[in-house]
Amino acid sequence: PRPKRSPYWTSNTPPAVVEMPIPKKIKDLIPSLNLIPHPEGGFFVETWRSGSAPMTTMGQTGLSCEDPDKNLVVAQGRAQNRADKDERRNALTSIYWVPTVKSPRLLLAYNCSDHVHYYQGGIPFRYNLYDPSTGEFSEEVLGPELHKGHKLQVCVKGGLWKCGVMVGDNERKESETADYEYTLIGEAVAPGFDFHDFDWVTEKLLRLTCKNDEKMIELFLPYVFERSKQVQKKEKTVEYAAQYYEGGERKEKRIEERS
């Protein structure tokens, strides 16, 4: 009988990347996943919120969810984040986040909750991570080419500054993903995402935190949201994000600009 082939890859030659059975054009992916523009750039859709129907809470905690004792957890230390002082959050949320060639950046921000990002297709994406309490910086590339140091998961603990961008043309021109117009990223958040726990890093905060590190300031400045100063207050951030769930001409314009 013919011997069975080992399930483990042992060759020193990198394997060919199997072509992904997802569309290469972002305009074909948008209706397939019901994507809408995201406040931080690119597109998204919420796929899970413990106890609540996805997308119905507009990025806020579903306090009236099914079986609150089971689906809500207490995130201690967050009473100041919400006007009602409620520290409960949906246990877990998940989204698809999709940066595109026309909207390739993730703007500089931070969140109280832990995030896990999963590579699910398309162009590799580079994350820049910074711990403002220690000054520790790291760079991770979410992508399929493990032999190049890519990772299939990038884990980010709550409180870290995060921004990023799709890898450039020179890095992807020889890749099997070069023909894609986007990165398809799965993102899980626990305790569940609430825009009250999210905030932008303003230029003022960046310069104050990194005042002795000009290289960090230079690296992060292109990722500072130009309107962060105006919407940095918690309630204004929530209001700004809520408009992305609305339809109309503004939504259609964002879709066209990003795809």
# chains A, B, ... in the order shown; residues from 1 in each chain; ligands from 1
call {"tool": "select_by_dssp", "arguments": {"residues": "stretch 55-226 of chain A", "states": "strand (DSSP E)", "output": "number ranges by chain"}}
result
A: 72-74, 88-90, 93-98, 105-111, 114-122, 125-131, 136-142, 153-156, 161-166, 183-190, 198-200
call {"tool": "residues_around", "arguments": {"residues": "A:Tyr245", "least_positions_apart": "6", "cutoff": "9 Å", "atoms": "only C-alpha atoms", "output": "ChimeraX atom specification"}}
result
/A:36-38,55,58,251
call {"tool": "write_last_selection", "arguments": {"atoms": "C-alpha atoms", "output": "PDB file, in the first residue's frame"}}
result
ATOM      1  CA  ILE A  36     -20.718  49.417   6.330  1.00  0.00           C
ATOM      2  CA  PRO A  37     -18.051  52.137   6.770  1.00  0.00           C
ATOM      3  CA  HIS A  38     -16.224  52.069  10.111  1.00  0.00           C
ATOM      4  CA  MET A  55     -25.503  45.810  15.080  1.00  0.00           C
ATOM      5  CA  MET A  58     -24.693  50.711  17.578  1.00  0.00           C
ATOM      6  CA  LYS A 251     -22.980  56.618   3.969  1.00  0.00           C
TER       7      LYS A 251
END
call {"tool": "closest_residue", "arguments": {"among": "A:Arg227, A:Arg89, A:Arg49, A:Lys102", "to": "A:Leu72", "atoms": "only C-alpha atoms"}}
result
A:Arg89
call {"tool": "atom_distance", "arguments": {"atom1": "atom CA of A:Leu208", "atom2": "atom CA of A:Val141"}}
result
27.6 Å
call {"tool": "closest_residue", "arguments": {"among": "A:Ile185, A:Glu174, A:Arg88, A:Arg105", "to": "A:Tyr119", "atoms": "only C-alpha atoms"}}
result
A:Ile185
call {"tool": "atom_distance", "arguments": {"atom1": "atom CA of A:Glu249", "atom2": "atom CA of A:Pro39"}}
result
16.1 Å
call {"tool": "closest_residue", "arguments": {"among": "A:Gly158, A:Gly164, A:Pro23, A:Pro124", "to": "A:Glu40", "atoms": "only C-alpha atoms"}}
result
A:Gly164
call {"tool": "select_by_dssp", "arguments": {"residues": "stretch 140-234 of chain A", "states": "helix (DSSP H, G or I)", "output": "count of residues only"}}
result
32
call {"tool": "closest_residue", "arguments": {"among": "A:Gln60, A:Ser94, A:Asn128, A:Asn71", "to": "A:Leu219", "atoms": "only C-alpha atoms"}}
result
A:Asn128
